[in-house]
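**Q** File name model.txt; file contents compact mmCIF, C-alpha atoms; full text below.
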# COMPACT_ATOMS: atom_id res chain seq x y z
CA MET A 102 -55.06 -35.51 -18.09
CA ARG A 103 -52.28 -37.15 -20.03
CA ASN A 104 -53.63 -35.86 -23.37
CA SER A 105 -53.88 -32.31 -21.99
CA HIS A 106 -50.22 -32.44 -20.87
CA VAL A 107 -49.18 -33.63 -24.33
CA ALA A 108 -51.19 -30.87 -25.95
CA ALA A 109 -49.64 -28.27 -23.69
CA TRP A 110 -46.12 -29.59 -24.34
CA THR A 111 -46.81 -29.64 -28.14
CA SER A 112 -48.09 -26.06 -27.99
CA ALA A 113 -45.00 -24.95 -26.11
CA VAL A 114 -42.70 -26.61 -28.64
CA VAL A 115 -44.51 -24.96 -31.53
CA THR A 116 -44.31 -21.57 -29.82
CA THR A 117 -40.58 -22.02 -29.24
CA LEU A 118 -39.97 -23.04 -32.84
CA VAL A 119 -41.93 -20.07 -34.15
CA ALA A 120 -40.01 -17.69 -31.86
CA ALA A 121 -36.71 -19.20 -32.99
CA ALA A 122 -37.70 -18.74 -36.62
CA LEU A 123 -38.34 -15.05 -35.98
CA VAL A 124 -34.81 -14.50 -34.61
CA SER A 125 -32.50 -12.98 -37.23
CA PRO A 126 -29.29 -14.83 -38.12
CA ALA A 127 -27.23 -11.88 -36.80
CA ALA A 128 -29.05 -11.88 -33.47
CA ALA A 129 -28.67 -15.63 -33.20
CA ALA A 130 -24.94 -15.35 -33.87
CA THR A 131 -24.62 -12.61 -31.25
CA SER A 132 -26.52 -14.70 -28.72
CA ALA A 133 -24.35 -17.71 -29.42
CA SER A 134 -21.14 -15.70 -29.05
CA THR A 135 -22.13 -14.05 -25.75
CA PRO A 136 -21.91 -16.56 -22.92
CA ALA A 137 -24.23 -16.10 -19.99
CA PRO A 138 -22.57 -14.45 -16.98
CA ARG A 139 -21.31 -16.97 -14.46
CA ALA A 140 -21.35 -16.55 -10.71
CA CYS A 141 -18.37 -14.63 -9.35
CA PRO A 142 -16.03 -16.31 -6.85
CA GLN A 143 -17.15 -15.74 -3.28
CA LEU A 144 -15.35 -14.35 -0.26
CA SER A 145 -14.99 -16.86 2.57
CA HIS A 146 -17.81 -16.77 5.11
CA LYS A 147 -15.49 -18.33 7.69
CA LEU A 148 -13.43 -15.12 8.02
CA PRO A 149 -15.09 -12.34 10.02
CA TRP A 150 -15.54 -8.82 8.63
CA TYR A 151 -17.06 -5.85 10.40
CA GLY A 152 -20.78 -5.32 9.84
CA ASP A 153 -21.84 -5.84 6.23
CA ASN A 154 -18.41 -5.11 4.75
CA ARG A 155 -18.10 -8.55 3.20
CA ALA A 156 -21.40 -8.04 1.38
CA HIS A 157 -20.30 -4.63 0.08
CA LEU A 158 -17.03 -6.04 -1.24
CA GLN A 159 -18.75 -9.07 -2.74
CA GLN A 160 -21.21 -6.79 -4.52
CA MET A 161 -18.31 -4.84 -6.03
CA ILE A 162 -16.66 -8.08 -7.18
CA ASP A 163 -19.93 -9.29 -8.69
CA GLU A 164 -20.48 -5.99 -10.51
CA ARG A 165 -16.95 -5.31 -11.72
CA GLY A 166 -15.38 -8.74 -12.15
CA SER A 167 -14.89 -10.27 -15.57
CA CYS A 168 -16.94 -13.17 -14.22
CA ALA A 169 -19.95 -10.87 -14.59
CA GLY A 170 -19.58 -11.08 -18.36
CA HIS A 171 -18.02 -7.65 -18.97
CA ARG A 172 -15.85 -7.20 -22.02
CA GLY A 173 -12.71 -5.08 -22.26
CA PRO A 174 -9.67 -4.59 -20.02
CA ARG A 175 -9.43 -6.52 -16.79
CA PRO A 176 -10.53 -4.50 -13.74
CA VAL A 177 -7.74 -3.46 -11.38
CA ALA A 178 -7.47 -3.58 -7.59
CA ALA A 179 -4.59 -2.00 -5.68
CA PHE A 180 -3.57 -2.38 -2.05
CA ASP A 181 -1.08 -0.66 0.18
CA TRP A 182 1.10 -3.21 2.00
CA ASP A 183 2.18 -2.37 5.55
CA ASN A 184 -0.71 -2.57 8.01
CA THR A 185 -3.13 -3.11 5.11
CA VAL A 186 -2.27 -6.62 3.93
CA THR A 187 -0.12 -7.39 6.95
CA LYS A 188 -0.32 -6.51 10.60
CA ASN A 189 2.81 -4.42 11.37
CA ASP A 190 5.44 -2.93 9.11
CA VAL A 191 7.62 -5.28 7.06
CA THR A 192 10.08 -2.46 6.30
CA ASP A 193 10.67 -1.93 10.01
CA ALA A 194 11.04 -5.70 10.45
CA THR A 195 13.74 -5.74 7.76
CA ILE A 196 15.56 -2.73 9.19
CA ALA A 197 15.44 -4.26 12.68
CA TRP A 198 16.83 -7.58 11.45
CA SER A 199 19.56 -5.79 9.47
CA LEU A 200 20.60 -3.70 12.46
CA ARG A 201 20.74 -6.78 14.68
CA HIS A 202 22.89 -8.59 12.10
CA ASP A 203 25.32 -5.81 11.11
CA LYS A 204 24.00 -5.38 7.57
CA ILE A 205 24.09 -1.57 7.29
CA LEU A 206 27.20 -0.38 5.47
CA ARG A 207 28.95 2.74 6.69
CA PRO A 208 28.51 5.45 4.05
CA ALA A 209 31.44 7.60 3.02
CA SER A 210 29.27 10.54 4.07
CA TRP A 211 26.04 10.38 6.05
CA LYS A 212 25.20 13.78 4.65
CA LYS A 213 25.08 12.39 1.13
CA THR A 214 22.63 9.61 1.96
CA SER A 215 19.76 12.11 1.70
CA LYS A 216 19.59 15.52 0.07
CA TRP A 217 17.60 16.75 3.10
CA LEU A 218 19.74 15.32 5.92
CA THR A 219 20.63 18.10 8.37
CA ASP A 220 24.03 18.93 9.83
CA ASP A 221 22.63 17.91 13.23
CA ALA A 222 21.75 14.47 11.90
CA ASP A 223 25.10 14.11 10.15
CA LYS A 224 26.94 14.92 13.39
CA ALA A 225 24.68 12.65 15.47
CA LEU A 226 25.14 9.68 13.14
CA THR A 227 28.89 10.23 12.88
CA ALA A 228 29.23 10.48 16.67
CA ALA A 229 27.03 7.45 17.35
CA CYS A 230 28.36 5.16 14.61
CA GLY A 231 31.98 6.35 14.61
CA THR A 232 34.55 6.49 11.84
CA ARG A 233 36.68 3.47 12.68
CA VAL A 234 34.82 1.21 10.27
CA PRO A 235 36.01 1.88 6.69
CA ALA A 236 33.41 3.29 4.32
CA GLY A 237 31.51 0.48 2.61
CA ARG A 238 32.03 -1.99 5.46
CA PRO A 239 29.30 -3.19 7.90
CA LEU A 240 28.65 -1.13 11.00
CA PRO A 241 28.65 -3.19 14.24
CA THR A 242 25.06 -2.22 15.06
CA SER A 243 24.35 -5.52 16.81
CA LYS A 244 26.58 -4.34 19.66
CA ASP A 245 26.72 -0.58 19.12
CA THR A 246 23.32 0.36 20.48
CA ASP A 247 24.02 4.09 20.17
CA CYS A 248 24.39 3.71 16.40
CA THR A 249 21.30 1.52 16.22
CA ASP A 250 19.28 4.02 18.25
CA GLU A 251 20.31 6.96 16.08
CA ILE A 252 19.55 5.22 12.78
CA PHE A 253 16.20 3.86 13.88
CA ASN A 254 15.06 7.06 15.55
CA ILE A 255 15.72 9.04 12.37
CA ARG A 256 13.83 6.45 10.33
CA GLU A 257 10.93 6.38 12.78
CA SER A 258 10.44 10.04 13.68
CA GLY A 259 12.63 12.13 11.38
CA LYS A 260 14.54 13.35 14.43
CA THR A 261 17.85 12.57 16.10
CA MET A 262 17.96 10.99 19.53
CA SER A 263 18.46 14.48 21.00
CA GLY A 264 15.28 15.69 19.29
CA ALA A 265 16.86 17.77 16.52
CA ALA A 266 15.31 17.70 13.07
CA ALA A 267 17.03 15.08 10.93
CA PHE A 268 15.70 16.45 7.64
CA ALA A 269 15.18 20.02 6.47
CA GLY A 270 14.56 21.91 3.26
CA GLU A 271 11.75 21.92 0.75
CA TRP A 272 9.83 18.97 -0.63
CA ASN A 273 6.26 18.28 -1.74
CA HIS A 274 4.64 16.73 1.31
CA ARG A 275 2.14 14.84 -0.83
CA ARG A 276 4.84 13.23 -2.94
CA THR A 277 7.48 12.20 -0.43
CA VAL A 278 8.64 12.15 3.17
CA PRO A 279 12.43 12.05 3.64
CA GLN A 280 12.59 9.34 6.31
CA TYR A 281 10.63 6.95 4.05
CA ALA A 282 12.92 7.68 1.12
CA TRP A 283 15.91 7.20 3.46
CA VAL A 284 15.14 3.49 4.01
CA PRO A 285 16.38 2.18 0.63
CA GLN A 286 19.16 4.77 0.83
CA LEU A 287 20.35 3.08 4.02
CA PHE A 288 20.92 -0.09 1.99
CA ALA A 289 23.10 1.63 -0.61
CA GLY A 290 26.06 -0.58 -1.54
CA HIS A 291 24.09 -3.83 -1.28
CA THR A 292 22.77 -5.76 -4.25
CA VAL A 293 19.06 -6.45 -4.67
CA PRO A 294 19.53 -10.20 -3.95
CA GLU A 295 21.33 -9.32 -0.71
CA LEU A 296 18.50 -7.04 0.42
CA GLU A 297 15.97 -9.69 -0.55
CA SER A 298 17.81 -12.22 1.59
CA TYR A 299 17.65 -9.86 4.61
CA ALA A 300 13.92 -9.34 4.03
CA ALA A 301 13.39 -13.10 3.74
CA ALA A 302 15.25 -13.75 7.01
CA ALA A 303 13.26 -11.01 8.74
CA ARG A 304 10.04 -12.43 7.32
CA LYS A 305 10.77 -15.92 8.65
CA GLU A 306 11.55 -14.53 12.08
CA ALA A 307 8.54 -12.18 12.22
CA LEU A 308 6.06 -14.85 11.13
CA ALA A 309 7.42 -17.29 13.73
CA ALA A 310 7.13 -14.80 16.61
CA PRO A 311 3.86 -14.96 18.57
CA VAL A 312 1.21 -12.28 18.10
CA GLY A 313 1.97 -9.45 20.50
CA ALA A 314 5.73 -10.11 20.60
CA THR A 315 8.06 -7.10 20.78
CA GLN A 316 11.77 -6.58 20.21
CA LYS A 317 14.36 -4.12 21.46
CA LEU A 318 16.44 -1.96 19.16
CA GLY A 319 18.74 0.02 21.39
CA THR A 320 16.30 1.87 23.63
CA HIS A 321 13.40 1.41 21.19
CA THR A 322 10.73 -1.22 21.72
CA ILE A 323 8.97 -2.13 18.49
CA PRO A 324 6.68 -4.94 17.29
CA GLY A 325 8.50 -8.25 16.95
CA TYR A 326 5.94 -10.04 14.82
CA VAL A 327 4.15 -9.69 11.48
CA ARG A 328 1.07 -11.51 10.25
CA TYR A 329 -0.69 -11.69 6.91
CA TYR A 330 -4.32 -10.75 7.39
CA ALA A 331 -6.34 -13.83 6.43
CA GLN A 332 -9.23 -11.64 5.24
CA GLN A 333 -7.00 -9.63 2.91
CA ARG A 334 -5.35 -12.74 1.52
CA ASP A 335 -8.80 -14.18 0.83
CA LEU A 336 -9.95 -10.90 -0.74
CA ILE A 337 -6.91 -10.74 -3.02
CA ARG A 338 -7.31 -14.35 -4.14
CA THR A 339 -11.03 -13.90 -4.73
CA LEU A 340 -10.38 -10.79 -6.81
CA GLN A 341 -7.82 -12.66 -8.89
CA ARG A 342 -10.22 -15.54 -9.49
CA ALA A 343 -12.86 -13.01 -10.50
CA GLY A 344 -10.61 -11.65 -13.23
CA PHE A 345 -9.05 -8.63 -11.48
CA ASP A 346 -5.43 -7.61 -11.92
CA VAL A 347 -4.29 -7.07 -8.32
CA TYR A 348 -1.32 -4.84 -7.45
CA ILE A 349 0.56 -3.83 -4.34
CA VAL A 350 1.58 -0.14 -4.17
CA SER A 351 3.83 0.60 -1.20
CA ALA A 352 6.07 3.38 0.09
CA GLY A 353 8.56 0.74 1.20
CA SER A 354 11.62 -0.56 -0.62
CA GLU A 355 10.59 -2.60 -3.65
CA PRO A 356 12.82 -5.68 -3.03
CA VAL A 357 11.52 -5.92 0.54
CA THR A 358 7.89 -5.60 -0.50
CA GLU A 359 8.34 -8.19 -3.26
CA VAL A 360 9.59 -10.78 -0.78
CA TRP A 361 6.39 -10.40 1.23
CA SER A 362 3.88 -9.95 -1.61
CA ARG A 363 4.63 -13.44 -2.93
CA GLY A 364 2.90 -14.75 0.19
CA VAL A 365 -0.46 -13.53 -1.12
CA GLY A 366 0.12 -14.64 -4.70
CA ILE A 367 1.28 -11.32 -6.12
CA ASP A 368 4.36 -11.44 -8.33
CA ARG A 369 7.16 -8.97 -8.95
CA ALA A 370 5.40 -7.44 -11.97
CA HIS A 371 2.41 -6.55 -9.78
CA THR A 372 4.43 -5.09 -6.89
CA VAL A 373 5.19 -1.37 -6.98
CA ALA A 374 7.31 0.38 -4.33
CA ILE A 375 10.39 2.63 -4.09
CA ARG A 376 12.52 1.45 -6.99
CA SER A 377 16.20 2.16 -6.35
CA VAL A 378 18.58 3.02 -9.18
CA LEU A 379 21.42 0.49 -9.38
CA ASP A 380 25.03 1.21 -10.27
CA ARG A 381 26.96 -0.67 -12.98
CA LYS A 382 27.75 -3.48 -10.56
CA GLY A 383 24.10 -3.95 -9.64
CA ARG A 384 24.40 -2.27 -6.26
CA ILE A 385 21.71 -0.08 -4.74
CA THR A 386 22.41 3.67 -4.86
CA THR A 387 20.85 6.58 -2.98
CA TYR A 388 18.79 7.43 -6.08
CA ASN A 389 15.38 6.10 -7.06
CA GLU A 390 13.38 6.05 -10.27
CA GLY A 391 10.93 8.88 -10.86
CA CYS A 392 7.30 9.26 -11.83
CA GLY A 393 5.09 11.75 -13.65
CA GLY A 394 7.85 13.52 -15.49
CA VAL A 395 10.18 13.58 -12.48
CA PRO A 396 13.47 11.94 -13.54
CA ARG A 397 15.61 9.76 -11.29
CA ASN A 398 15.93 11.53 -7.97
CA GLN A 399 16.99 11.27 -4.34
CA GLY A 400 13.51 10.85 -2.97
CA GLU A 401 11.55 13.78 -4.43
CA ALA A 402 8.88 11.46 -5.88
CA ILE A 403 8.11 8.14 -4.22
CA PRO A 404 4.85 6.11 -3.92
CA TYR A 405 3.54 8.33 -1.10
CA ILE A 406 0.08 10.01 -0.96
CA ASP A 407 -0.26 11.57 -4.44
CA GLY A 408 2.82 9.60 -5.51
CA LYS A 409 0.85 6.35 -5.22
CA ARG A 410 -1.66 7.68 -7.73
CA CYS A 411 1.23 8.67 -10.01
CA TRP A 412 2.78 5.19 -9.95
CA ILE A 413 -0.59 3.51 -10.52
CA ASN A 414 -1.28 5.78 -13.49
CA GLN A 415 2.23 5.36 -14.88
CA ASP A 416 2.93 1.68 -14.28
CA ILE A 417 -0.56 0.19 -14.59
CA PHE A 418 -2.47 2.50 -16.92
CA HIS A 419 0.54 3.78 -18.88
CA ILE A 420 -0.20 7.48 -18.36
CA LYS A 421 3.00 9.40 -19.12
CA GLY A 422 4.43 12.72 -17.95
CA LYS A 423 2.78 15.24 -15.64
CA GLN A 424 -0.66 13.86 -16.45
CA ALA A 425 0.14 10.86 -14.23
CA TRP A 426 -0.26 13.06 -11.14
CA LYS A 427 -3.90 13.78 -12.02
CA GLN A 428 -7.04 11.76 -11.41
CA GLN A 429 -7.99 9.97 -14.62
CA ARG A 430 -11.37 9.21 -16.20
CA PRO A 431 -13.18 6.22 -14.66
CA GLY A 432 -12.02 3.77 -17.33
CA LYS A 433 -8.41 4.52 -16.39
CA ARG A 434 -8.84 4.10 -12.64
CA ILE A 435 -8.75 1.21 -10.24
CA ALA A 436 -11.99 -0.49 -9.22
CA LEU A 437 -10.88 -1.23 -5.64
CA GLY A 438 -8.32 0.54 -3.48
CA GLY A 439 -7.25 -0.65 -0.03
CA GLY A 440 -5.19 1.25 2.56
CA ASP A 441 -4.82 2.19 6.20
CA ALA A 442 -3.20 5.62 6.39
CA ASP A 443 -3.00 9.12 4.94
CA THR A 444 -0.22 7.83 2.68
CA ASP A 445 -2.95 5.88 0.85
CA VAL A 446 -5.78 8.40 0.76
CA THR A 447 -5.36 9.59 -2.85
CA PHE A 448 -5.26 6.26 -4.65
CA VAL A 449 -7.89 4.68 -2.40
CA GLY A 450 -10.12 7.67 -3.13
CA ASP A 451 -9.55 7.21 -6.88
CA ALA A 452 -11.21 3.78 -6.83
CA THR A 453 -14.53 3.65 -8.69
CA GLY A 454 -16.01 0.56 -7.05
CA ALA A 455 -14.97 0.43 -3.38
CA HIS A 456 -12.59 2.26 -1.04
CA LEU A 457 -11.45 -0.17 1.67
CA VAL A 458 -9.87 1.39 4.77
CA LEU A 459 -8.47 -0.33 7.85
CA ASN A 460 -8.98 2.05 10.74
CA ARG A 461 -5.71 3.19 12.30
CA ASN A 462 -7.08 6.57 13.37
CA LYS A 463 -5.27 8.50 10.61
CA ASN A 464 -6.94 11.85 10.09
CA GLU A 465 -7.18 12.52 6.36
CA ILE A 466 -8.17 9.05 5.22
CA MET A 467 -10.68 8.58 8.04
CA CYS A 468 -12.27 11.95 7.24
CA ARG A 469 -12.78 10.77 3.65
CA ALA A 470 -14.00 7.36 4.78
CA TYR A 471 -16.54 8.57 7.31
CA ASP A 472 -17.77 11.38 5.05
CA ASP A 473 -18.45 8.64 2.48
CA ALA A 474 -19.20 11.13 -0.28
CA ASP A 475 -19.94 8.49 -2.95
CA GLY A 476 -21.37 5.79 -0.68
CA ARG A 477 -18.57 3.36 -1.55
CA TRP A 478 -16.24 3.68 1.46
CA VAL A 479 -15.81 0.45 3.45
CA VAL A 480 -14.27 0.92 6.91
CA ASN A 481 -13.01 -2.04 8.92
CA PRO A 482 -11.10 -2.24 12.20
CA MET A 483 -7.68 -3.86 12.00
CA PHE A 484 -8.20 -7.61 11.93
CA ILE A 485 -5.54 -8.21 14.63
CA GLU A 486 -5.25 -6.04 17.75
CA PRO A 487 -7.68 -3.34 16.54
CA LEU A 488 -7.36 0.12 18.00
CA PRO A 489 -9.90 1.42 20.53
CA ARG A 490 -12.27 4.21 19.58
CA LYS A 491 -10.57 7.53 18.93
CA ASN A 492 -11.24 10.13 21.59
CA GLY A 493 -12.88 13.28 20.28
CA THR A 494 -13.39 13.85 16.58
CA TYR A 495 -11.22 13.88 13.46
CA PRO A 496 -10.32 17.54 12.67
CA CYS A 497 -11.60 17.29 9.09
CA SER A 498 -12.85 20.87 8.85
CA THR A 499 -9.59 22.47 9.99
CA ALA A 500 -6.44 20.36 10.11
CA ALA A 501 -6.63 16.88 8.53
CA TYR A 502 -5.51 17.50 4.94
CA ASN A 503 -1.76 17.14 4.35
CA LEU A 504 -0.75 20.31 2.50
CA PRO A 505 1.87 20.04 -0.28
CA GLU A 506 3.97 22.73 1.39
CA GLY A 507 3.71 21.11 4.80
CA GLY A 508 1.26 21.60 7.62
CA PHE A 509 -2.44 20.82 7.57
CA GLY A 510 -5.68 22.30 6.27
CA PRO A 511 -9.35 21.37 5.86
CA VAL A 512 -10.38 18.31 3.86
CA LEU A 513 -12.44 19.33 0.82
CA ARG A 514 -14.88 17.34 -1.26
CA GLY A 515 -14.81 17.38 -5.05
CA ASP A 516 -17.23 20.32 -5.08
CA ARG A 517 -14.87 22.26 -2.75
CA SER A 518 -17.22 22.02 0.23
CA VAL A 519 -15.57 21.32 3.57
CA VAL A 520 -15.85 17.89 5.16
CA PRO A 521 -17.22 18.34 8.70
CA ASP A 522 -15.40 16.86 11.67
CA GLN A 523 -16.11 13.14 11.98
CA THR A 524 -16.68 10.83 14.94
CA ASP A 525 -14.98 7.43 15.10
CA THR A 526 -17.68 4.80 14.72
CA VAL A 527 -15.90 1.65 13.39
CA TYR A 528 -13.41 0.28 15.91
Would you kindly transcribe this structure into structure tokens?
**A**
Amino acid sequence: MRNSHVAAWTSAVVTTLVAAALVSPAAAATSASTPAPRACPQLSHKLPWYGDNRAHLQQMIDERGSCAGHRGPRPVAAFDWDNTVTKNDVTDATIAWSLRHDKILRPASWKKTSKWLTDDADKALTAACGTRVPAGRPLPTSKDTDCTDEIFNIRESGKTMSGAAAFAGEWNHRRTVPQYAWVPQLFAGHTVPELESYAAAARKEALAAPVGATQKLGTHTIPGYVRYYAQQRDLIRTLQRAGFDVYIVSAGSEPVTEVWSRGVGIDRAHTVAIRSVLDRKGRITTYNEGCGGVPRNQGEAIPYIDGKRCWINQDIFHIKGKQAWKQQRPGKRIALGGGDADTDVTFVGDATGAHLVLNRNKNEIMCRAYDDADGRWVVNPMFIEPLPRKNGTYPCSTAAYNLPEGGFGPVLRGDRSVVPDQTDTVY
């Protein structure tokens, strides 16, 4: 038996040596210079995901990560922020804290804070906030609940407390929404470090408040807490370990978003949001930087619906001019996109590996997600306080697509066929 084992081992060695001799020097060099793929970092199995979503995301990481042995540029993942990486809106938390601590400066003219602000809104803000405070000085919003109510209602609904439209005129409804653009405009006159300090104070307060806490702003009751989603933090860190460049792309104010994004290991260079133009003294103005050939502006082009695609193409893939508004070839697109609302539908849909959606019952993005045209949509309920099942169906075939001119139309696939109405199944 022993001799037969020796003979077999000797035969195997000879076979190996002969095979090695037949390998060309060039092939041997190539083999030596190409390391074997190593196992990709794994998502935590201690954090619950809906159904087989973790497996789908892990498969994408394994396939697209640099850990799989791929050469070339690092793969890119991009996430919306509010209600995607965190539960609740960090912009609202910052505005609420600022209103409760008298940090909003009275503008010389409310009308000039936004190019779309209506006369009704100008009159309502002037009446509620008064004219006694000199322009450029803090409004006493901690005590003046009428002023607080008016400001927050316009931010929240685009209407005055009396129900009049706060914004009017023409804008591309897939590139901006005036009340989103109005948020950084409200902080005009402050420096970026000042706004960051307000966001940091709001963050500390919101993280300390218990889950489910609320707060009062005038007559408004809004969430009083914010939480990082543990699953999203784990996903982001796993992606980074697997060789992905991970970005945040938000329709919030950039200094506010940057304060929060550090908490998941994403730095300033990887955080994209509304970028205010500063004056010569470093103070925030009512203008913001543009995208896709749109110069500095008063809110015409912000990271909102198609605007998020534009900023990803411009800032990450260095696509210049009008071309940045268009979907790029696969090699110039993100591998993973994550969002929760119609504001995210374009860039999440651009992803080539996985489209992650947290279900907040938003029509256009849920129509895309449930239609699952490419088989790569991953739908998950919110990780904290998920919504119940939506009654009825999503109106995909008639009124879920946000039209550029305003209003709604049918959601179309790439081949121009109409997405049928969808039933809510992940909740």
**Q** Could you check the closest approach to Glu271 of chain A for each of A:Ala425, A:Asp153, A:Thr242, A:Gly507 and tell me which residue wins, using all atoms listed in the file?
**A**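 Closest to Glu271 of chain A, using all atoms listed in the file: A:Gly507.
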**Q** Which residues come within 10 Å of Ala194 of chain A, counting all atoms listed in the file, excluding same-chain residues fewer than 4 positions away, as an MDAnalysis selection string?
**A** chainID A and resid 189:190 198:200 299:300 302:304 306:307 316 323:327 357
**Q** List the neighbours of segment 407-421 of chain A out to 7 Å using all atoms listed in the file; skip same-chain residues closer than 6 positions along the sequence, and give me the result as a list in words.
**A**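 Final neighbour list, sorted by chain and number: Arg275, Arg276, Val350, Cys392, Gly393, Lys433, Thr447 and Phe448 of chain A.
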**Q** For Arg461 of chain A, which residue among A:Ile337, A:Asp183, A:Gln280, A:Gly394 is the nearest when counting all atoms listed in the file?
**A**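 Closest to Arg461 of chain A of all the choices is A:Asp183.
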**Q** As an exercise, work out the distance from atom CA of His274 of chain A to atom CA of Val519 of chain A in Å and give it to one decimal place.
**A**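 Result for atom CA of His274 of chain A versus atom CA of Val519 of chain A: 20.8 Å, one decimal.
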**Q** Within 9 Å of Ala228 of chain A, counting only C-alpha atoms, which residues show up once you throw out same-chain ones fewer than 5 positions away? Write them as JSON, numbers by chain, please.
**A** {"A": [223, 247, 248]}
**Q** In Å, how far is it from atom CA of Gln143 of chain A to atom CA of Met161 of chain A?
**A**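 A separation of 11.3 Å between them.
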**Q** Can you work out the spacing between atom CA of Gly510 of chain A and atom CA of Arg469 of chain A in Å, to one decimal?
**A**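 So the two atoms, atom CA of Gly510 of chain A and atom CA of Arg469 of chain A, lie 13.8 Å apart.
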**Q** In file coordinates, which residues lie within 8 Å of (22.1, -0.5, 19.1) using all atoms listed in the file, given as a ChimeraX atom specification?
**A** /A:200-201,242-250,318-320
**Q** List the neighbours of Thr444 of chain A out to 10 Å using all atoms listed in the file; skip same-chain residues closer than 6 positions along the sequence, and give me the result as a ChimeraX atom specification.
**A** /A:181,275-278,351-352,404-409,463,465-466,503
**Q** Could you pull segment 421-438 of chain A out of the block above and save it with N, CA and C atoms, as a PDB file, in the first residue's frame?
**A**
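part_15.pdb written:
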ATOM      1  N   LYS A 421     -19.612  66.798 -18.401  1.00  0.00           N
ATOM      2  CA  LYS A 421     -19.811  68.243 -18.402  1.00  0.00           C
ATOM      3  C   LYS A 421     -20.977  68.664 -19.314  1.00  0.00           C
ATOM      4  N   GLY A 422     -21.518  69.841 -19.026  1.00  0.00           N
ATOM      5  CA  GLY A 422     -22.542  70.436 -19.876  1.00  0.00           C
ATOM      6  C   GLY A 422     -23.865  69.691 -19.858  1.00  0.00           C
ATOM      7  N   LYS A 423     -24.664  69.914 -20.888  1.00  0.00           N
ATOM      8  CA  LYS A 423     -26.021  69.360 -20.948  1.00  0.00           C
ATOM      9  C   LYS A 423     -26.041  67.839 -20.922  1.00  0.00           C
ATOM     10  N   GLN A 424     -24.941  67.220 -21.330  1.00  0.00           N
ATOM     11  CA  GLN A 424     -24.872  65.761 -21.341  1.00  0.00           C
ATOM     12  C   GLN A 424     -25.053  65.169 -19.948  1.00  0.00           C
ATOM     13  N   ALA A 425     -24.769  65.963 -18.911  1.00  0.00           N
ATOM     14  CA  ALA A 425     -24.883  65.459 -17.537  1.00  0.00           C
ATOM     15  C   ALA A 425     -26.320  65.146 -17.146  1.00  0.00           C
ATOM     16  N   TRP A 426     -27.292  65.684 -17.871  1.00  0.00           N
ATOM     17  CA  TRP A 426     -28.696  65.406 -17.564  1.00  0.00           C
ATOM     18  C   TRP A 426     -29.139  64.049 -18.117  1.00  0.00           C
ATOM     19  N   LYS A 427     -28.321  63.438 -18.977  1.00  0.00           N
ATOM     20  CA  LYS A 427     -28.721  62.216 -19.667  1.00  0.00           C
ATOM     21  C   LYS A 427     -28.146  60.974 -19.000  1.00  0.00           C
ATOM     22  N   GLN A 428     -28.859  59.861 -19.168  1.00  0.00           N
ATOM     23  CA  GLN A 428     -28.333  58.593 -18.670  1.00  0.00           C
ATOM     24  C   GLN A 428     -27.092  58.226 -19.470  1.00  0.00           C
ATOM     25  N   GLN A 429     -26.052  57.794 -18.775  1.00  0.00           N
ATOM     26  CA  GLN A 429     -24.779  57.483 -19.406  1.00  0.00           C
ATOM     27  C   GLN A 429     -24.668  55.984 -19.708  1.00  0.00           C
ATOM     28  N   ARG A 430     -23.631  55.616 -20.437  1.00  0.00           N
ATOM     29  CA  ARG A 430     -23.361  54.204 -20.703  1.00  0.00           C
ATOM     30  C   ARG A 430     -23.058  53.512 -19.374  1.00  0.00           C
ATOM     31  N   PRO A 431     -23.209  52.186 -19.316  1.00  0.00           N
ATOM     32  CA  PRO A 431     -23.052  51.473 -18.038  1.00  0.00           C
ATOM     33  C   PRO A 431     -21.749  51.749 -17.304  1.00  0.00           C
ATOM     34  N   GLY A 432     -20.640  51.911 -18.029  1.00  0.00           N
ATOM     35  CA  GLY A 432     -19.365  52.149 -17.367  1.00  0.00           C
ATOM     36  C   GLY A 432     -19.265  53.495 -16.680  1.00  0.00           C
ATOM     37  N   LYS A 433     -20.202  54.383 -16.986  1.00  0.00           N
ATOM     38  CA  LYS A 433     -20.238  55.710 -16.362  1.00  0.00           C
ATOM     39  C   LYS A 433     -21.490  55.874 -15.495  1.00  0.00           C
ATOM     40  N   ARG A 434     -21.917  54.783 -14.887  1.00  0.00           N
ATOM     41  CA  ARG A 434     -23.088  54.821 -14.017  1.00  0.00           C
ATOM     42  C   ARG A 434     -22.770  54.135 -12.702  1.00  0.00           C
ATOM     43  N   ILE A 435     -23.558  54.459 -11.697  1.00  0.00           N
ATOM     44  CA  ILE A 435     -23.372  53.855 -10.391  1.00  0.00           C
ATOM     45  C   ILE A 435     -23.763  52.379 -10.427  1.00  0.00           C
ATOM     46  N   ALA A 436     -23.158  51.595  -9.547  1.00  0.00           N
ATOM     47  CA  ALA A 436     -23.512  50.182  -9.432  1.00  0.00           C
ATOM     48  C   ALA A 436     -24.724  49.992  -8.525  1.00  0.00           C
ATOM     49  N   LEU A 437     -24.790  50.773  -7.453  1.00  0.00           N
ATOM     50  CA  LEU A 437     -25.896  50.682  -6.496  1.00  0.00           C
ATOM     51  C   LEU A 437     -26.448  52.068  -6.237  1.00  0.00           C
ATOM     52  N   GLY A 438     -27.772  52.186  -6.267  1.00  0.00           N
ATOM     53  CA  GLY A 438     -28.440  53.422  -5.875  1.00  0.00           C
ATOM     54  C   GLY A 438     -29.449  53.122  -4.791  1.00  0.00           C
TER      55      GLY A 438
END
